[in-house]
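Visitor: Take a look at target09.pdb, PDB, C-alpha atoms:
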```
MODEL        1
ATOM      1  CA  MET B  23      -2.942  48.087 -10.787
ATOM      2  CA  ALA B  24      -4.040  48.897  -7.256
ATOM      3  CA  ASP B  25      -1.655  47.994  -4.431
ATOM      4  CA  ARG B  26      -2.515  44.860  -2.530
ATOM      5  CA  LYS B  27      -3.919  45.130   0.959
ATOM      6  CA  PRO B  28      -1.618  44.381   3.918
ATOM      7  CA  VAL B  29      -1.251  40.718   4.839
ATOM      8  CA  GLU B  30      -3.453  39.885   7.815
ATOM      9  CA  SER B  31      -3.433  36.074   7.612
ATOM     10  CA  TRP B  32      -0.648  33.638   6.813
ATOM     11  CA  LEU B  33      -0.632  30.119   5.378
ATOM     12  CA  THR B  34       2.668  28.282   5.236
ATOM     13  CA  ASP B  35       3.808  24.909   4.008
ATOM     14  CA  MET B  36       5.636  22.766   6.546
ATOM     15  CA  ASP B  37       8.366  20.656   4.887
ATOM     16  CA  GLY B  38      10.985  22.824   3.216
ATOM     17  CA  VAL B  39       9.681  25.989   4.858
ATOM     18  CA  LEU B  40       9.579  25.324   8.611
ATOM     19  CA  ILE B  41      11.463  22.023   8.798
ATOM     20  CA  HIS B  42      13.853  20.007   6.659
ATOM     21  CA  GLU B  43      14.484  16.301   7.292
ATOM     22  CA  GLY B  44      13.173  16.598  10.845
ATOM     23  CA  VAL B  45      15.194  19.689  11.754
ATOM     24  CA  PRO B  46      13.744  23.211  12.120
ATOM     25  CA  ILE B  47      14.889  25.699   9.495
ATOM     26  CA  PRO B  48      16.527  28.755  11.093
ATOM     27  CA  GLY B  49      13.930  31.449  11.606
ATOM     28  CA  ALA B  50      10.961  29.067  11.794
ATOM     29  CA  ASP B  51      10.581  29.330  15.566
ATOM     30  CA  ALA B  52      10.814  33.131  15.469
ATOM     31  CA  PHE B  53       8.242  33.305  12.655
ATOM     32  CA  LEU B  54       5.746  31.079  14.469
ATOM     33  CA  LYS B  55       6.277  32.939  17.739
ATOM     34  CA  LYS B  56       5.618  36.242  15.993
ATOM     35  CA  LEU B  57       2.419  34.846  14.492
ATOM     36  CA  ARG B  58       1.151  33.586  17.852
ATOM     37  CA  GLU B  59       1.977  36.874  19.585
ATOM     38  CA  SER B  60       0.383  38.969  16.840
ATOM     39  CA  GLY B  61      -2.924  37.121  17.094
ATOM     40  CA  ARG B  62      -3.118  36.967  13.306
ATOM     41  CA  PRO B  63      -4.915  33.937  11.839
ATOM     42  CA  PHE B  64      -2.505  31.371  10.435
ATOM     43  CA  LEU B  65      -2.273  27.767   9.263
ATOM     44  CA  VAL B  66       0.583  25.343   8.738
ATOM     45  CA  LEU B  67      -0.264  23.149   5.740
ATOM     46  CA  THR B  68       0.929  19.783   4.535
ATOM     47  CA  ASN B  69      -0.112  17.498   1.685
ATOM     48  CA  ASN B  70       0.901  14.528   3.822
ATOM     49  CA  SER B  71      -2.232  12.714   4.995
ATOM     50  CA  ILE B  72      -0.555  10.154   7.268
ATOM     51  CA  TYR B  73      -0.638  12.080  10.532
ATOM     52  CA  THR B  74      -3.488  13.605  12.516
ATOM     53  CA  GLN B  75      -3.326  17.248  13.551
ATOM     54  CA  ARG B  76      -2.492  16.145  17.103
ATOM     55  CA  ASP B  77       0.311  13.910  15.798
ATOM     56  CA  LEU B  78       1.845  16.794  13.867
ATOM     57  CA  HIS B  79       1.486  19.161  16.814
ATOM     58  CA  ALA B  80       3.463  16.685  18.949
ATOM     59  CA  ARG B  81       6.092  16.051  16.250
ATOM     60  CA  LEU B  82       6.665  19.776  15.725
ATOM     61  CA  ARG B  83       6.832  20.405  19.471
ATOM     62  CA  ARG B  84       9.574  17.796  19.796
ATOM     63  CA  MET B  85      11.511  19.831  17.234
ATOM     64  CA  GLY B  86      11.003  22.970  19.302
ATOM     65  CA  LEU B  87       8.215  24.437  17.161
ATOM     66  CA  ASP B  88       4.931  25.307  18.861
ATOM     67  CA  VAL B  89       1.989  25.091  16.464
ATOM     68  CA  PRO B  90      -1.452  24.706  18.080
ATOM     69  CA  THR B  91      -3.462  21.761  16.781
ATOM     70  CA  GLN B  92      -6.164  24.018  15.354
ATOM     71  CA  ASN B  93      -3.527  25.802  13.262
ATOM     72  CA  ILE B  94      -2.529  22.650  11.364
ATOM     73  CA  TRP B  95      -4.284  21.893   8.053
ATOM     74  CA  THR B  96      -3.587  18.626   6.261
ATOM     75  CA  SER B  97      -4.788  17.210   2.960
ATOM     76  CA  ALA B  98      -6.668  14.593   5.020
ATOM     77  CA  VAL B  99      -8.616  17.270   6.900
ATOM     78  CA  ALA B 100      -9.258  19.158   3.661
ATOM     79  CA  THR B 101     -10.483  15.947   2.018
ATOM     80  CA  ALA B 102     -12.847  15.244   4.918
ATOM     81  CA  GLN B 103     -14.197  18.792   4.738
ATOM     82  CA  PHE B 104     -14.729  18.459   0.997
ATOM     83  CA  LEU B 105     -16.646  15.191   1.427
ATOM     84  CA  HIS B 106     -18.729  16.617   4.266
ATOM     85  CA  ASP B 107     -19.749  19.496   1.994
ATOM     86  CA  GLN B 108     -20.397  17.244  -0.995
ATOM     87  CA  ARG B 109     -22.100  14.239   0.605
ATOM     88  CA  PRO B 110     -22.638  14.501   4.394
ATOM     89  CA  GLY B 111     -22.781  11.243   6.294
ATOM     90  CA  GLY B 112     -21.456   9.157   3.418
ATOM     91  CA  THR B 113     -19.465   5.948   3.259
ATOM     92  CA  ALA B 114     -15.968   5.300   2.032
ATOM     93  CA  TYR B 115     -13.380   2.623   1.412
ATOM     94  CA  VAL B 116     -10.073   4.120   2.531
ATOM     95  CA  ILE B 117      -6.460   3.358   1.736
ATOM     96  CA  GLY B 118      -4.502   5.451   4.204
ATOM     97  CA  GLU B 119      -3.326   6.000   7.747
ATOM     98  CA  ALA B 120      -4.761   7.478  10.950
ATOM     99  CA  GLY B 121      -4.591  11.050   9.673
ATOM    100  CA  LEU B 122      -7.165  10.247   7.000
ATOM    101  CA  THR B 123      -9.346   7.757   8.846
ATOM    102  CA  THR B 124      -9.566  10.007  11.918
ATOM    103  CA  ALA B 125     -10.563  13.016   9.808
ATOM    104  CA  LEU B 126     -13.299  10.975   8.127
ATOM    105  CA  HIS B 127     -14.596   9.566  11.407
ATOM    106  CA  ASP B 128     -14.708  13.117  12.796
ATOM    107  CA  ILE B 129     -17.181  14.193  10.073
ATOM    108  CA  GLY B 130     -19.375  11.163  10.646
ATOM    109  CA  TYR B 131     -18.292   9.003   7.714
ATOM    110  CA  VAL B 132     -18.627   5.221   7.865
ATOM    111  CA  LEU B 133     -15.626   3.301   6.557
ATOM    112  CA  THR B 134     -16.630   0.158   4.678
ATOM    113  CA  ASP B 135     -15.777  -2.033   1.714
ATOM    114  CA  GLN B 136     -19.440  -2.773   1.019
ATOM    115  CA  GLU B 137     -20.804  -0.543  -1.772
ATOM    116  CA  PRO B 138     -19.108   2.655  -0.520
ATOM    117  CA  ASP B 139     -19.949   6.064  -1.949
ATOM    118  CA  PHE B 140     -16.243   6.820  -2.364
ATOM    119  CA  VAL B 141     -12.864   5.166  -2.651
ATOM    120  CA  ILE B 142     -10.429   7.503  -0.922
ATOM    121  CA  LEU B 143      -6.702   7.135  -1.494
ATOM    122  CA  GLY B 144      -4.220   8.730   0.871
ATOM    123  CA  GLU B 145      -0.626   8.345   1.970
ATOM    124  CA  THR B 146       0.471   5.167   3.719
ATOM    125  CA  ARG B 147       3.778   3.579   4.597
ATOM    126  CA  THR B 148       2.659   0.210   3.202
ATOM    127  CA  TYR B 149       0.537   0.247   0.049
ATOM    128  CA  SER B 150      -1.133  -3.147  -0.178
ATOM    129  CA  PHE B 151      -1.730  -4.881  -3.513
ATOM    130  CA  GLU B 152      -4.840  -6.434  -1.964
ATOM    131  CA  ALA B 153      -6.169  -3.006  -0.951
ATOM    132  CA  MET B 154      -5.440  -1.547  -4.401
ATOM    133  CA  THR B 155      -7.220  -4.476  -6.045
ATOM    134  CA  LYS B 156     -10.228  -3.872  -3.791
ATOM    135  CA  ALA B 157     -10.177  -0.179  -4.722
ATOM    136  CA  VAL B 158     -10.112  -0.990  -8.450
ATOM    137  CA  ARG B 159     -13.104  -3.315  -8.144
ATOM    138  CA  LEU B 160     -15.122  -0.857  -6.050
ATOM    139  CA  ILE B 161     -14.442   1.983  -8.510
ATOM    140  CA  ASN B 162     -15.454  -0.292 -11.393
ATOM    141  CA  ALA B 163     -18.655  -0.995  -9.467
ATOM    142  CA  GLY B 164     -19.471   2.722  -9.231
ATOM    143  CA  ALA B 165     -17.637   4.204  -6.240
ATOM    144  CA  ARG B 166     -16.317   7.733  -6.840
ATOM    145  CA  PHE B 167     -12.528   8.084  -6.737
ATOM    146  CA  ILE B 168     -10.955  10.711  -4.449
ATOM    147  CA  ALA B 169      -7.269  11.181  -3.586
ATOM    148  CA  THR B 170      -5.874  13.374  -0.841
ATOM    149  CA  ASN B 171      -2.989  14.788  -2.884
ATOM    150  CA  PRO B 172      -1.219  14.359  -6.241
ATOM    151  CA  ASP B 173       2.378  14.040  -4.967
ATOM    152  CA  ASN B 174       4.059  11.253  -6.945
ATOM    153  CA  VAL B 175       6.943  10.703  -4.530
ATOM    154  CA  GLY B 176       7.603  11.266  -0.854
ATOM    155  CA  PRO B 177      10.884  11.626   1.022
ATOM    156  CA  SER B 178      12.554   9.104   3.293
ATOM    157  CA  ILE B 179      16.007   8.638   4.768
ATOM    158  CA  GLU B 180      16.682   5.911   2.204
ATOM    159  CA  GLY B 181      15.448   8.007  -0.739
ATOM    160  CA  ALA B 182      12.255   8.643  -2.685
ATOM    161  CA  LEU B 183       9.120   6.615  -2.006
ATOM    162  CA  PRO B 184       6.108   6.187  -4.293
ATOM    163  CA  ALA B 185       3.325   8.375  -2.944
ATOM    164  CA  THR B 186      -0.388   8.996  -3.493
ATOM    165  CA  GLY B 187      -0.086  10.343  -7.036
ATOM    166  CA  SER B 188       1.843   7.290  -8.233
ATOM    167  CA  VAL B 189      -0.608   4.836  -6.707
ATOM    168  CA  ALA B 190      -3.523   6.872  -8.057
ATOM    169  CA  ALA B 191      -2.018   6.521 -11.540
ATOM    170  CA  LEU B 192      -1.924   2.742 -11.118
ATOM    171  CA  ILE B 193      -5.596   2.658 -10.103
ATOM    172  CA  THR B 194      -6.499   5.001 -12.966
ATOM    173  CA  ALA B 195      -4.721   2.720 -15.440
ATOM    174  CA  ALA B 196      -6.726  -0.234 -14.121
ATOM    175  CA  THR B 197     -10.123   1.529 -14.044
ATOM    176  CA  GLY B 198      -9.979   4.334 -16.589
ATOM    177  CA  LYS B 199     -11.164   6.674 -13.796
ATOM    178  CA  LYS B 200      -9.079   9.635 -12.670
ATOM    179  CA  PRO B 201      -9.400  10.753  -9.050
ATOM    180  CA  TYR B 202     -10.342  14.185  -7.801
ATOM    181  CA  PHE B 203      -7.239  15.431  -5.961
ATOM    182  CA  VAL B 204      -8.089  17.660  -2.986
ATOM    183  CA  GLY B 205      -4.592  18.699  -1.840
ATOM    184  CA  LYS B 206      -2.197  21.243  -3.308
ATOM    185  CA  PRO B 207      -2.011  22.533  -5.988
ATOM    186  CA  ASN B 208      -5.815  22.424  -5.903
ATOM    187  CA  PRO B 209      -6.770  25.893  -4.582
ATOM    188  CA  LEU B 210      -9.709  24.213  -2.846
ATOM    189  CA  MET B 211      -7.352  23.204  -0.022
ATOM    190  CA  MET B 212      -6.323  26.848   0.398
ATOM    191  CA  ARG B 213      -9.837  28.248   0.237
ATOM    192  CA  ALA B 214     -11.118  25.686   2.738
ATOM    193  CA  GLY B 215      -8.227  26.543   5.038
ATOM    194  CA  LEU B 216      -8.941  30.258   4.765
ATOM    195  CA  ASN B 217     -12.579  29.609   5.604
ATOM    196  CA  ALA B 218     -11.539  27.552   8.622
ATOM    197  CA  ILE B 219      -9.680  30.530  10.131
ATOM    198  CA  GLY B 220     -12.109  33.185   8.932
ATOM    199  CA  ALA B 221      -9.596  34.759   6.543
ATOM    200  CA  HIS B 222      -9.939  36.290   3.085
ATOM    201  CA  SER B 223      -7.648  35.667   0.138
ATOM    202  CA  GLU B 224      -7.191  39.390  -0.555
ATOM    203  CA  THR B 225      -5.438  39.849   2.781
ATOM    204  CA  SER B 226      -3.706  36.467   3.031
ATOM    205  CA  ALA B 227      -0.333  35.114   1.971
ATOM    206  CA  MET B 228       0.939  31.625   1.173
ATOM    207  CA  ILE B 229       4.552  30.651   1.891
ATOM    208  CA  GLY B 230       5.958  27.594   0.157
ATOM    209  CA  ASP B 231       9.103  25.968  -1.166
ATOM    210  CA  ARG B 232       7.575  24.562  -4.365
ATOM    211  CA  MET B 233       6.465  26.548  -7.374
ATOM    212  CA  ASP B 234       4.337  23.706  -8.764
ATOM    213  CA  THR B 235       2.244  23.154  -5.624
ATOM    214  CA  ASP B 236       2.498  25.856  -2.954
ATOM    215  CA  VAL B 237       2.900  28.917  -5.160
ATOM    216  CA  LEU B 238       0.473  27.655  -7.809
ATOM    217  CA  ALA B 239      -2.224  26.863  -5.226
ATOM    218  CA  GLY B 240      -1.774  30.218  -3.503
ATOM    219  CA  LEU B 241      -1.875  32.063  -6.813
ATOM    220  CA  GLU B 242      -5.047  30.310  -7.958
ATOM    221  CA  ALA B 243      -6.662  30.955  -4.570
ATOM    222  CA  GLY B 244      -6.035  34.687  -5.019
ATOM    223  CA  MET B 245      -3.389  35.083  -2.321
ATOM    224  CA  ARG B 246      -0.040  36.814  -2.223
ATOM    225  CA  THR B 247       2.684  34.173  -2.567
ATOM    226  CA  PHE B 248       6.176  33.883  -1.111
ATOM    227  CA  LEU B 249       8.637  31.305  -2.433
ATOM    228  CA  VAL B 250      11.417  30.305  -0.037
ATOM    229  CA  LEU B 251      14.573  28.766  -1.465
ATOM    230  CA  SER B 252      15.132  26.422   1.495
ATOM    231  CA  GLY B 253      13.320  23.451  -0.039
ATOM    232  CA  VAL B 254      12.526  21.904  -3.407
ATOM    233  CA  THR B 255      12.519  24.816  -5.866
ATOM    234  CA  GLN B 256      15.981  26.257  -6.417
ATOM    235  CA  PRO B 257      16.942  29.673  -7.880
ATOM    236  CA  ASP B 258      17.631  28.257 -11.361
ATOM    237  CA  ASP B 259      14.156  26.684 -11.422
ATOM    238  CA  VAL B 260      12.109  29.818 -10.765
ATOM    239  CA  ASP B 261      12.071  31.231 -14.303
ATOM    240  CA  ARG B 262      11.103  27.897 -15.841
ATOM    241  CA  TYR B 263       7.493  28.324 -14.756
ATOM    242  CA  PRO B 264       4.900  30.374 -16.670
ATOM    243  CA  PHE B 265       3.799  32.023 -13.408
ATOM    244  CA  ARG B 266       5.697  33.825 -10.674
ATOM    245  CA  ALA B 267       5.579  34.133  -6.913
ATOM    246  CA  SER B 268       4.824  37.585  -5.541
ATOM    247  CA  GLU B 269       8.242  37.510  -3.860
ATOM    248  CA  VAL B 270      11.192  35.120  -3.655
ATOM    249  CA  VAL B 271      13.203  35.025  -0.413
ATOM    250  CA  ASN B 272      16.007  32.843   0.890
ATOM    251  CA  SER B 273      14.128  31.396   3.857
ATOM    252  CA  ILE B 274      11.391  31.883   6.418
ATOM    253  CA  ALA B 275      13.828  34.001   8.448
ATOM    254  CA  ASP B 276      13.398  36.752   5.850
ATOM    255  CA  LEU B 277       9.684  36.982   6.609
ATOM    256  CA  VAL B 278       9.733  37.276  10.411
ATOM    257  CA  ASP B 279       9.607  41.071  10.281
ATOM    258  CA  ARG B 280       6.738  40.982   7.767
ATOM    259  CA  VAL B 281       4.271  39.608  10.326
TER     260      VAL B 281
ENDMDL
END
```
Could you express the structure from this file as structure tokens?

Guide:
Amino acid sequence: MADRKPVESWLTDMDGVLIHEGVPIPGADAFLKKLRESGRPFLVLTNNSIYTQRDLHARLRRMGLDVPTQNIWTSAVATAQFLHDQRPGGTAYVIGEAGLTTALHDIGYVLTDQEPDFVILGETRTYSFEAMTKAVRLINAGARFIATNPDNVGPSIEGALPATGSVAALITAATGKKPYFVGKPNPLMMRAGLNAIGAHSETSAMIGDRMDTDVLAGLEAGMRTFLVLSGVTQPDDVDRYPFRASEVVNSIADLVDRV
């Protein structure tokens, strides 16, 4: 097989790669600084749809990590881009937070519970039974079902929380309709991100801490993949998957000199 071309663009997951429980992972600042100084296109990705790009920029800055707003790519932004491509100027009933509603407003979508084109499910701190009931009835009436990401649980200080994938399963059980998930591991999120920064998969790499989302999405998008062992996937887990990352490293610190 021919050798791969040098990496010219970088995509990296956020939680487990750059930060862990609100604290920067050693090497993250140096990696981001090297990217900014190199001028290479890059994106920081997250499946979390709660926060806007500006929110995440501010949160990361408070942790000492400087990521420009335009270099942040969330499942909410990817979902909005997908809907803009599929049905420009549409309508949607949304269960989610500002990250999702802002992204939809930015593409010109109207948010309504009156005969919407789509029901869009995202992450929220307070899933409402009333809102889920409304979603079920609208889907039964013909609205198309979209979800920002398939993550079943999310982290919190107190422990695991039910996340978008779990709530989507509830709505699917009530309607018989499965959603289209836009976020990782759907390679659509990666390809849309690459397009946003004018990059090509042949010369791009994805860094992640999960084999089942980050590495899988990068692989299916045609990118080189780096698994870091500073997050979810641990060394004993790697060989349990039927696919492999291009390289496995201990942390983001091991990739600073690769930029």

Visitor: Mind telling me what the PyMOL selection byres ((chain B and resi 186) around 8) catches here, as a list in words?

Guide: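 Applied to this file, the PyMOL selection byres ((chain B and resi 186) around 8) selects Leu143, Gly144, Glu145, Ala169, Thr170, Asn171, Pro172, Asp173, Asn174, Val175, Pro184, Ala185, Gly187, Ser188, Val189 and Ala190 of chain B.
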
Visitor: Counting all atoms listed in the file, what is within 9 Å of Ile274 of chain B, bar same-chain residues fewer than 5 positions away, as a ChimeraX atom specification?

Guide: /B:39-40,47-50,53,229,250,252

Visitor: Taking the file above as input, evaluate the PyMOL selection byres ((chain B and resi 237) around 8) and report the hits as a PyMOL selection string.

Guide: chain B and resi 228-236+238-241+247-249+266-267

Visitor: What does the structure give for the distance between atom CA of Thr255 of chain B and atom CA of Gly38 of chain B, in Å to one decimal?

Guide: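 These two atoms are separated by 9.4 Å.
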
Visitor: Expand the PyMOL selection byres ((chain B and resi 81) around 12) into the explicit residue set it covers here, and present it as a PyMOL selection string.

Guide: chain B and resi 36+41+44-46+73-80+82-91+94

Visitor: Calculated over all atoms listed in the file, which of the candidates B:Asp128, B:Gly121, B:Gln108, B:Asp276 has the smallest distance to Thr146 of chain B?

Guide: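 Nearest to Thr146 of chain B: B:Gly121.
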
Visitor: With 9 Å as the cut-off and all atoms listed in the file counted, what is the closest atom pair between each nearby residue of segment 174-206 of chain B and segment 148-164 of chain B? Distances in Å to one decimal, ordered by chain and number, as a tab-separated table.

Guide:
```
residue	atom	partner	partner_atom	distance
B:Val189	CA	B:Tyr149	CA	8.2
B:Leu192	CA	B:Met154	CA	8.7
B:Ile193	CA	B:Val158	CA	6.0
B:Thr194	CA	B:Val158	CA	8.3
B:Ala196	CA	B:Val158	CA	6.6
B:Thr197	CA	B:Val158	CA	6.1
B:Gly198	CA	B:Asn162	CA	8.9
B:Lys199	CA	B:Ile161	CA	7.8
```

Visitor: Write the residues you've just listed into a file as a JSON list (two decimals), in the frame of the given file, and include C-alpha atoms for each of them.

Guide:
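Listed below is the output, selection.json:
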```
[["chain", "number", "residue", "atom", "x", "y", "z"],
["B", 189, "VAL", "CA", -0.61, 4.84, -6.71],
["B", 192, "LEU", "CA", -1.92, 2.74, -11.12],
["B", 193, "ILE", "CA", -5.60, 2.66, -10.10],
["B", 194, "THR", "CA", -6.50, 5.00, -12.97],
["B", 196, "ALA", "CA", -6.73, -0.23, -14.12],
["B", 197, "THR", "CA", -10.12, 1.53, -14.04],
["B", 198, "GLY", "CA", -9.98, 4.33, -16.59],
["B", 199, "LYS", "CA", -11.16, 6.67, -13.80]]
```

Visitor: Could you work out how far atom CA of Ala227 of chain B lies from atom CA of Met211 of chain B, giving the answer in Å with one decimal?

Guide: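 Atom CA of Ala227 of chain B lies 14.0 Å from atom CA of Met211 of chain B.
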
Visitor: Between atom CA of Ala114 of chain B and atom CA of Asp139 of chain B, what distance in Å does the model show, to one decimal?

Guide: 5.7 Å

Visitor: Using all atoms listed in the file for the distances, tell me which of B:Ala165, B:Leu54, B:Ser226, B:Leu183 is nearest to Pro201 of chain B.

Guide: B:Ala165

Visitor: Counting only C-alpha atoms, which of B:Trp95, B:Phe167, B:Tyr115, B:Phe265 gets nearest to Arg213 of chain B?

Guide: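 For Arg213 of chain B, the nearest of the candidates is B:Trp95.
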
Visitor: Can you sort out segment 82-99 of chain B so it carries N, CA, C and O atoms, written as a CSV table (one decimal), in the coordinates of the input?

Guide:
```
chain,number,residue,atom,x,y,z
B,82,LEU,N,6.1,18.4,15.8
B,82,LEU,CA,6.7,19.8,15.7
B,82,LEU,C,7.2,20.3,17.1
B,82,LEU,O,8.2,20.9,17.2
B,83,ARG,N,6.4,20.0,18.1
B,83,ARG,CA,6.8,20.4,19.5
B,83,ARG,C,8.2,19.7,19.9
B,83,ARG,O,9.0,20.4,20.5
B,84,ARG,N,8.3,18.5,19.5
B,84,ARG,CA,9.6,17.8,19.8
B,84,ARG,C,10.8,18.4,19.1
B,84,ARG,O,11.9,18.3,19.5
B,85,MET,N,10.5,19.1,18.0
B,85,MET,CA,11.5,19.8,17.2
B,85,MET,C,11.7,21.3,17.8
B,85,MET,O,12.5,22.0,17.2
B,86,GLY,N,10.9,21.6,18.7
B,86,GLY,CA,11.0,23.0,19.3
B,86,GLY,C,10.1,24.0,18.6
B,86,GLY,O,10.3,25.2,18.9
B,87,LEU,N,9.1,23.5,17.8
B,87,LEU,CA,8.2,24.4,17.2
B,87,LEU,C,6.8,24.3,17.7
B,87,LEU,O,6.3,23.2,17.8
B,88,ASP,N,6.2,25.4,18.2
B,88,ASP,CA,4.9,25.3,18.9
B,88,ASP,C,3.9,25.8,17.9
B,88,ASP,O,3.7,27.0,17.6
B,89,VAL,N,3.1,24.8,17.4
B,89,VAL,CA,2.0,25.1,16.5
B,89,VAL,C,0.7,24.5,17.1
B,89,VAL,O,0.6,23.2,17.1
B,90,PRO,N,-0.2,25.3,17.5
B,90,PRO,CA,-1.5,24.7,18.1
B,90,PRO,C,-2.1,23.8,17.1
B,90,PRO,O,-2.1,24.0,15.9
B,91,THR,N,-2.8,22.8,17.6
B,91,THR,CA,-3.5,21.8,16.8
B,91,THR,C,-4.4,22.4,15.8
B,91,THR,O,-4.5,22.0,14.6
B,92,GLN,N,-5.2,23.4,16.2
B,92,GLN,CA,-6.2,24.0,15.4
B,92,GLN,C,-5.5,24.8,14.2
B,92,GLN,O,-6.2,25.3,13.3
B,93,ASN,N,-4.2,25.0,14.3
B,93,ASN,CA,-3.5,25.8,13.3
B,93,ASN,C,-2.8,24.9,12.3
B,93,ASN,O,-2.0,25.4,11.5
B,94,ILE,N,-3.1,23.6,12.3
B,94,ILE,CA,-2.5,22.6,11.4
B,94,ILE,C,-3.6,22.2,10.4
B,94,ILE,O,-4.7,21.8,10.8
B,95,TRP,N,-3.3,22.2,9.1
B,95,TRP,CA,-4.3,21.9,8.1
B,95,TRP,C,-3.6,20.9,7.1
B,95,TRP,O,-2.7,21.2,6.4
B,96,THR,N,-4.2,19.7,7.1
B,96,THR,CA,-3.6,18.6,6.3
B,96,THR,C,-4.5,18.3,5.1
B,96,THR,O,-5.7,18.7,5.1
B,97,SER,N,-4.0,17.6,4.1
B,97,SER,CA,-4.8,17.2,3.0
B,97,SER,C,-5.9,16.2,3.4
B,97,SER,O,-6.9,16.2,2.8
B,98,ALA,N,-5.6,15.5,4.5
B,98,ALA,CA,-6.7,14.6,5.0
B,98,ALA,C,-7.9,15.4,5.6
B,98,ALA,O,-9.0,15.1,5.3
B,99,VAL,N,-7.6,16.4,6.3
B,99,VAL,CA,-8.6,17.3,6.9
B,99,VAL,C,-9.4,18.0,5.8
B,99,VAL,O,-10.6,18.1,5.8
```
